[in-house]
$ cat coords_0.pdb   # PDB, C-alpha atoms
ATOM      1  CA  MET A  54     152.500-150.037 -23.022
ATOM      2  CA  LYS A  55     151.600-146.546 -21.763
ATOM      3  CA  ILE A  56     154.146-145.001 -24.120
ATOM      4  CA  VAL A  57     152.647-146.868 -27.069
ATOM      5  CA  LEU A  58     149.158-145.775 -26.022
ATOM      6  CA  ARG A  59     150.248-142.144 -25.774
ATOM      7  CA  LEU A  60     151.863-142.343 -29.197
ATOM      8  CA  PHE A  61     148.693-143.836 -30.652
ATOM      9  CA  GLN A  62     146.555-141.111 -29.069
ATOM     10  CA  ALA A  63     148.884-138.409 -30.362
ATOM     11  CA  ALA A  64     148.766-139.840 -33.871
ATOM     12  CA  GLU A  65     144.980-140.004 -33.727
ATOM     13  CA  MET A  66     144.772-136.384 -32.550
ATOM     14  CA  ALA A  67     147.106-135.279 -35.340
ATOM     15  CA  LEU A  68     144.617-136.692 -37.840
ATOM     16  CA  LEU A  69     141.612-135.067 -36.183
ATOM     17  CA  LEU A  70     142.973-131.614 -35.377
ATOM     18  CA  PRO A  71     144.403-128.934 -37.688
ATOM     19  CA  GLY A  72     148.104-128.278 -37.214
ATOM     20  CA  PRO A  73     148.044-125.159 -34.997
ATOM     21  CA  VAL A  74     145.324-126.608 -32.755
ATOM     22  CA  TYR A  75     147.099-129.948 -32.499
ATOM     23  CA  LEU A  76     150.393-128.345 -31.480
ATOM     24  CA  ALA A  77     148.673-126.190 -28.876
ATOM     25  CA  VAL A  78     146.684-129.103 -27.453
ATOM     26  CA  MET A  79     149.794-131.292 -27.248
ATOM     27  CA  SER A  80     151.487-128.582 -25.203
ATOM     28  CA  SER A  81     148.773-128.720 -22.540
ATOM     29  CA  GLY A  82     149.521-130.318 -19.194
ATOM     30  CA  SER A  83     147.868-133.720 -18.914
ATOM     31  CA  GLY A  84     146.313-136.385 -21.066
ATOM     32  CA  GLU A  85     142.929-135.501 -19.604
ATOM     33  CA  ASP A  86     143.396-131.892 -20.649
ATOM     34  CA  ARG A  87     144.299-132.963 -24.155
ATOM     35  CA  SER A  88     141.308-135.274 -24.373
ATOM     36  CA  PHE A  89     138.989-132.536 -23.092
ATOM     37  CA  LEU A  90     140.285-129.958 -25.593
ATOM     38  CA  THR A  91     140.113-132.421 -28.465
ATOM     39  CA  ALA A  92     136.527-133.351 -27.622
ATOM     40  CA  LEU A  93     135.622-129.682 -27.262
ATOM     41  CA  TYR A  94     137.065-128.822 -30.653
ATOM     42  CA  LEU A  95     135.529-131.773 -32.474
ATOM     43  CA  GLY A  96     132.149-131.209 -30.833
ATOM     44  CA  LEU A  97     131.884-127.527 -31.783
ATOM     45  CA  ARG A  98     134.026-127.006 -34.881
ATOM     46  CA  LYS A  99     131.198-127.180 -37.464
ATOM     47  CA  GLU A 100     128.942-124.815 -35.541
ATOM     48  CA  LEU A 101     131.843-122.475 -34.830
ATOM     49  CA  PHE A 102     132.926-122.410 -38.463
ATOM     50  CA  THR A 103     129.354-121.626 -39.579
ATOM     51  CA  TYR A 104     129.141-118.872 -36.963
ATOM     52  CA  ALA A 105     132.488-117.359 -37.937
ATOM     53  CA  TYR A 106     131.622-117.529 -41.640
ATOM     54  CA  ARG A 107     128.392-115.605 -41.022
ATOM     55  CA  LEU A 108     130.420-112.901 -39.292
ATOM     56  CA  CYS A 109     133.088-112.464 -41.952
ATOM     57  CA  GLY A 110     131.861-114.071 -45.189
ATOM     58  CA  SER A 111     135.246-115.664 -45.836
ATOM     59  CA  ARG A 112     135.958-119.379 -45.508
ATOM     60  CA  GLN A 113     139.660-118.807 -44.887
ATOM     61  CA  THR A 114     139.067-116.153 -42.249
ATOM     62  CA  ALA A 115     136.455-118.352 -40.559
ATOM     63  CA  GLU A 116     138.857-121.297 -40.425
ATOM     64  CA  ASP A 117     141.680-119.101 -39.137
ATOM     65  CA  ALA A 118     139.431-117.568 -36.478
ATOM     66  CA  VAL A 119     138.262-120.937 -35.155
ATOM     67  CA  GLN A 120     141.815-122.242 -34.995
ATOM     68  CA  ASP A 121     143.182-119.056 -33.420
ATOM     69  CA  ALA A 122     140.392-119.125 -30.839
ATOM     70  CA  PHE A 123     141.150-122.700 -29.801
ATOM     71  CA  VAL A 124     144.860-122.033 -29.615
ATOM     72  CA  SER A 125     144.129-119.129 -27.268
ATOM     73  CA  LEU A 126     141.862-121.357 -25.144
ATOM     74  CA  VAL A 127     144.470-124.025 -24.468
ATOM     75  CA  PRO A 128     146.264-122.146 -21.626
ATOM     76  CA  ARG A 129     142.862-121.736 -19.923
ATOM     77  CA  VAL A 130     141.978-125.427 -19.993
ATOM     78  CA  SER A 131     141.671-125.695 -16.202
ATOM     79  CA  SER A 132     139.092-122.896 -16.122
ATOM     80  CA  LEU A 133     137.261-124.347 -19.095
ATOM     81  CA  ARG A 134     136.921-127.748 -17.499
ATOM     82  CA  ALA A 135     135.372-126.157 -14.423
ATOM     83  CA  MET A 136     132.657-124.350 -16.425
ATOM     84  CA  GLN A 137     129.085-125.526 -16.827
ATOM     85  CA  GLN A 138     128.313-126.773 -20.334
ATOM     86  CA  ASP A 139     126.177-123.795 -21.384
ATOM     87  CA  ARG A 140     128.666-121.264 -20.060
ATOM     88  CA  LEU A 141     131.547-123.121 -21.699
ATOM     89  CA  ARG A 142     129.773-123.137 -25.053
ATOM     90  CA  GLY A 143     129.032-119.416 -24.852
ATOM     91  CA  TYR A 144     132.584-118.658 -23.825
ATOM     92  CA  VAL A 145     134.007-120.516 -26.822
ATOM     93  CA  PHE A 146     131.650-118.750 -29.229
ATOM     94  CA  VAL A 147     132.617-115.337 -27.834
ATOM     95  CA  THR A 148     136.294-116.249 -28.207
ATOM     96  CA  VAL A 149     135.728-117.144 -31.857
ATOM     97  CA  LYS A 150     133.840-113.883 -32.449
ATOM     98  CA  ASN A 151     136.712-111.913 -30.951
ATOM     99  CA  ALA A 152     139.156-113.819 -33.151
ATOM    100  CA  VAL A 153     137.163-112.902 -36.263
ATOM    101  CA  TYR A 154     137.173-109.223 -35.300
ATOM    102  CA  ARG A 155     140.873-109.321 -34.454
ATOM    103  CA  ILE A 156     141.744-110.829 -37.841
ATOM    104  CA  HIS A 157     139.555-108.238 -39.541
ATOM    105  CA  ARG A 158     141.265-105.378 -37.672
ATOM    106  CA  ASN A 159     144.704-106.732 -38.519
ATOM    107  CA  ASP A 160     143.736-107.059 -42.190
ATOM    108  CA  GLU A 161     142.448-103.482 -42.205
ATOM    109  CA  LYS A 162     145.663-102.227 -40.617
ATOM    110  CA  ALA A 163     147.701-104.135 -43.193
ATOM    111  CA  ARG A 164     145.661-102.658 -46.052
ATOM    112  CA  HIS A 165     146.036 -99.132 -44.677
ATOM    113  CA  ALA A 166     149.769 -99.627 -44.195
ATOM    114  CA  GLU A 167     150.088-100.907 -47.765
ATOM    115  CA  ALA A 168     148.095 -97.949 -49.102
ATOM    116  CA  ASP A 169     150.220 -95.496 -47.094
ATOM    117  CA  SER A 170     153.387 -97.134 -48.365
ATOM    118  CA  ALA A 171     152.156 -96.946 -51.954
ATOM    119  CA  ALA A 172     151.282 -93.275 -51.484
ATOM    120  CA  ASP A 173     154.723 -92.562 -50.061
ATOM    121  CA  THR A 174     156.495 -94.224 -52.981
ATOM    122  CA  ALA A 175     154.176 -93.035 -55.756
ATOM    123  CA  PRO A 176     155.605 -90.440 -58.124
ATOM    124  CA  ALA A 177     154.370 -86.897 -57.741
ATOM    125  CA  GLU A 178     151.417 -85.931 -59.887
ATOM    126  CA  GLU A 179     152.529 -84.946 -63.328
ATOM    127  CA  GLU A 180     152.635 -81.208 -63.857
ATOM    128  CA  PRO A 181     150.710 -80.096 -66.951
ATOM    129  CA  LEU A 182     152.493 -77.742 -69.331
ATOM    130  CA  SER A 183     149.350 -75.631 -69.590
ATOM    131  CA  GLY A 184     150.489 -73.817 -66.433
ATOM    132  CA  TYR A 185     153.119 -71.914 -68.383
ATOM    133  CA  ASP A 186     152.914 -68.945 -70.715
ATOM    134  CA  ALA A 187     152.669 -70.283 -74.271
ATOM    135  CA  ASP A 188     155.215 -67.905 -75.779
ATOM    136  CA  ALA A 189     157.714 -68.504 -72.983
ATOM    137  CA  LEU A 190     157.140 -72.253 -73.310
ATOM    138  CA  MET A 191     157.967 -72.166 -77.012
ATOM    139  CA  THR A 192     161.105 -70.219 -76.170
ATOM    140  CA  ALA A 193     162.149 -72.622 -73.406
ATOM    141  CA  LEU A 194     161.472 -75.942 -75.157
ATOM    142  CA  PRO A 195     164.323 -75.604 -77.699
ATOM    143  CA  GLN A 196     166.748 -75.302 -74.792
ATOM    144  CA  LEU A 197     166.015 -78.903 -73.862
ATOM    145  CA  SER A 198     167.672 -81.876 -75.518
ATOM    146  CA  GLU A 199     165.991 -83.364 -78.590
ATOM    147  CA  ARG A 200     164.972 -86.406 -76.574
ATOM    148  CA  GLU A 201     163.426 -84.284 -73.825
ATOM    149  CA  GLN A 202     161.546 -82.230 -76.395
ATOM    150  CA  ALA A 203     160.272 -85.403 -78.056
ATOM    151  CA  LEU A 204     159.149 -86.828 -74.713
ATOM    152  CA  LEU A 205     157.212 -83.716 -73.759
ATOM    153  CA  HIS A 206     155.728 -83.412 -77.238
ATOM    154  CA  MET A 207     154.483 -87.008 -77.224
ATOM    155  CA  LYS A 208     153.151 -86.776 -73.671
ATOM    156  CA  TYR A 209     151.470 -83.373 -73.625
ATOM    157  CA  PHE A 210     150.802 -82.456 -77.236
ATOM    158  CA  LEU A 211     150.058 -85.871 -78.755
ATOM    159  CA  ARG A 212     148.557 -87.139 -75.471
ATOM    160  CA  GLN A 213     150.295 -90.510 -75.750
ATOM    161  CA  SER A 214     150.421 -92.899 -72.825
ATOM    162  CA  ASP A 215     153.643 -93.917 -71.106
ATOM    163  CA  GLN A 216     153.308 -97.343 -72.721
ATOM    164  CA  GLU A 217     152.986 -95.856 -76.208
ATOM    165  CA  ILE A 218     155.980 -93.602 -75.639
ATOM    166  CA  ALA A 219     157.984 -96.534 -74.265
ATOM    167  CA  GLU A 220     157.261 -98.576 -77.377
ATOM    168  CA  GLN A 221     158.412 -95.775 -79.668
ATOM    169  CA  LEU A 222     161.569 -95.105 -77.685
ATOM    170  CA  GLN A 223     162.155 -98.813 -77.026
ATOM    171  CA  VAL A 224     162.456 -98.333 -73.275
ATOM    172  CA  LYS A 225     160.430 -99.483 -70.276
ATOM    173  CA  PRO A 226     157.366 -97.473 -69.137
ATOM    174  CA  ASP A 227     159.106 -96.851 -65.793
ATOM    175  CA  SER A 228     161.984 -95.287 -67.695
ATOM    176  CA  VAL A 229     159.559 -93.030 -69.541
ATOM    177  CA  ARG A 230     158.167 -91.732 -66.254
ATOM    178  CA  MET A 231     161.668 -91.065 -64.955
ATOM    179  CA  LEU A 232     162.726 -89.294 -68.149
ATOM    180  CA  LEU A 233     159.557 -87.194 -68.168
ATOM    181  CA  THR A 234     160.163 -86.166 -64.571
ATOM    182  CA  ARG A 235     163.667 -85.006 -65.456
ATOM    183  CA  ALA A 236     162.466 -83.185 -68.567
ATOM    184  CA  ARG A 237     159.734 -81.373 -66.633
ATOM    185  CA  ARG A 238     162.216 -80.454 -63.937
ATOM    186  CA  ARG A 239     164.620 -78.966 -66.476
ATOM    187  CA  LEU A 240     161.833 -77.129 -68.242
ATOM    188  CA  ARG A 241     160.517 -75.781 -64.962
ATOM    189  CA  GLY A 242     163.996 -74.538 -64.074
ATOM    190  CA  ILE A 243     164.293 -72.721 -67.378
ATOM    191  CA  MET A 244     160.817 -71.232 -67.024
ATOM    192  CA  LEU A 245     161.453 -70.088 -63.453
ATOM    193  CA  GLU A 246     164.650 -68.396 -64.488
ATOM    194  CA  GLY A 247     162.634 -66.468 -67.041
ATOM    195  CA  GLY A 248     159.898 -65.696 -64.504
ATOM    196  CA  GLU A 249     157.168 -66.611 -66.948
ATOM    197  CA  ARG A 250     155.179 -69.054 -64.814
ATOM    198  CA  HIS A 251     151.476 -68.118 -64.602
ATOM    199  CA  ASP A 252     151.087 -69.214 -61.000
ATOM    200  CA  GLY A 253     153.833 -66.899 -59.807
ATOM    201  CA  GLU A 254     156.508 -69.465 -59.035
TER     202      GLU A 254
END

$ encode --input "coords_0.pdb" --output "structure tokens"
Amino acid sequence: MKIVLRLFQAAEMALLLPGPVYLAVMSSGSGEDRSFLTALYLGLRKELFTYAYRLCGSRQTAEDAVQDAFVSLVPRVSSLRAMQQDRLRGYVFVTVKNAVYRIHRNDEKARHAEADSAADTAPAEEEPLSGYDADALMTALPQLSEREQALLHMKYFLRQSDQEIAEQLQVKPDSVRMLLTRARRRLRGIMLEGGERHDGE
């Protein structure tokens, strides 16, 4: 009979509690602890969600913060049960606030890491051909292949976008960027050999 009762209580809790909170509560020591934590969550969840939402302005973050906070409270159930009601309430609200800030910090770190990664993998800024002596440039360009000349002409003289060039050459825009990089590199090498670069390279 006790086993059946425990199974019934567990099933009821699974319906009332979100997954992470339910799993954490079920891992707590006694049935009394589980009942206390369940009652605590159900009694405060609406107020806590409203509080967390005011802090972050995101429903998903607010829900995550409330759940994360309760999961972190489960190992402290003995201390929680010993607290006066007002102190317990304040303690739970502070835990939720800290969870909101922690999620926010982690999101910021993730965004910075993503931005740093994008910066590391981004192609170098395209070098304009205006940095070279015009006469030397006209002398150097014919030394490139016809395709390289066409690429540079479309990009820097006709001011076409990578997409427009890709459509004309029937290649992908990424391929255009790669081909342009190679063409500029070859042109730069030719210009440096001639010593005609304006900036002294």

$ resolve_selection --input "coords_0.pdb" --expression "the PyMOL selection byres ((chain A and resi 123) around 9)" --output "JSON, numbers by chain"
{"A": [73, 74, 77, 78, 90, 94, 118, 119, 120, 121, 122, 124, 125, 126, 127, 145, 148, 149]}

$ closest_residue --input "coords_0.pdb" --among "A:Lys99, A:Arg129, A:Arg87, A:Arg112" --to "A:Val153" --atoms "all atoms listed in the file"
A:Arg112

$ closest_residue --input "coords_0.pdb" --among "A:Asp215, A:Tyr106, A:Ser80, A:Leu245" --to "A:Asp227" --atoms "only C-alpha atoms"
A:Asp215

$ closest_residue --input "coords_0.pdb" --among "A:Tyr154, A:Leu97, A:Arg237, A:Pro128" --to "A:Gln202" --atoms "only C-alpha atoms"
A:Arg237

$ resolve_selection --input "coords_0.pdb" --expression "the PyMOL selection byres ((chain A and resi 233) around 9)" --output "list in words"
Glu179, Glu201, Leu204, Leu205, Lys208, Ser228, Val229, Arg230, Met231, Leu232, Thr234, Arg235, Ala236, Arg237 and Arg238 of chain A

$ atom_distance --input "coords_0.pdb" --atom1 "atom CA of A:Pro195" --atom2 "atom CA of A:Met244"
12.1 Å

$ residues_around --input "coords_0.pdb" --residues "A:Arg107" --least-positions-apart "5" --cutoff "12 Å" --atoms "only C-alpha atoms" --output "list in words"
Glu100, Leu101, Phe102, Arg112, Thr114, Ala115, Glu116, Val149, Lys150 and Val153 of chain A

$ atom_distance --input "coords_0.pdb" --atom1 "atom CA of A:Leu133" --atom2 "atom CA of A:Ala152"
17.7 Å

$ atom_distance --input "coords_0.pdb" --atom1 "atom CA of A:Asn159" --atom2 "atom CA of A:Tyr75"
24.1 Å

$ closest_residue --input "coords_0.pdb" --among "A:Leu70, A:Leu240, A:Val224, A:Met136" --to "A:Ala92" --atoms "all atoms listed in the file"
A:Leu70

$ closest_residue --input "coords_0.pdb" --among "A:Gln196, A:Gln223, A:Leu211, A:Glu217" --to "A:Gly242" --atoms "all atoms listed in the file"
A:Gln196

$ closest_residue --input "coords_0.pdb" --among "A:Gly143, A:Ala193, A:His157, A:Asp117" --to "A:Ile243" --atoms "only C-alpha atoms"
A:Ala193
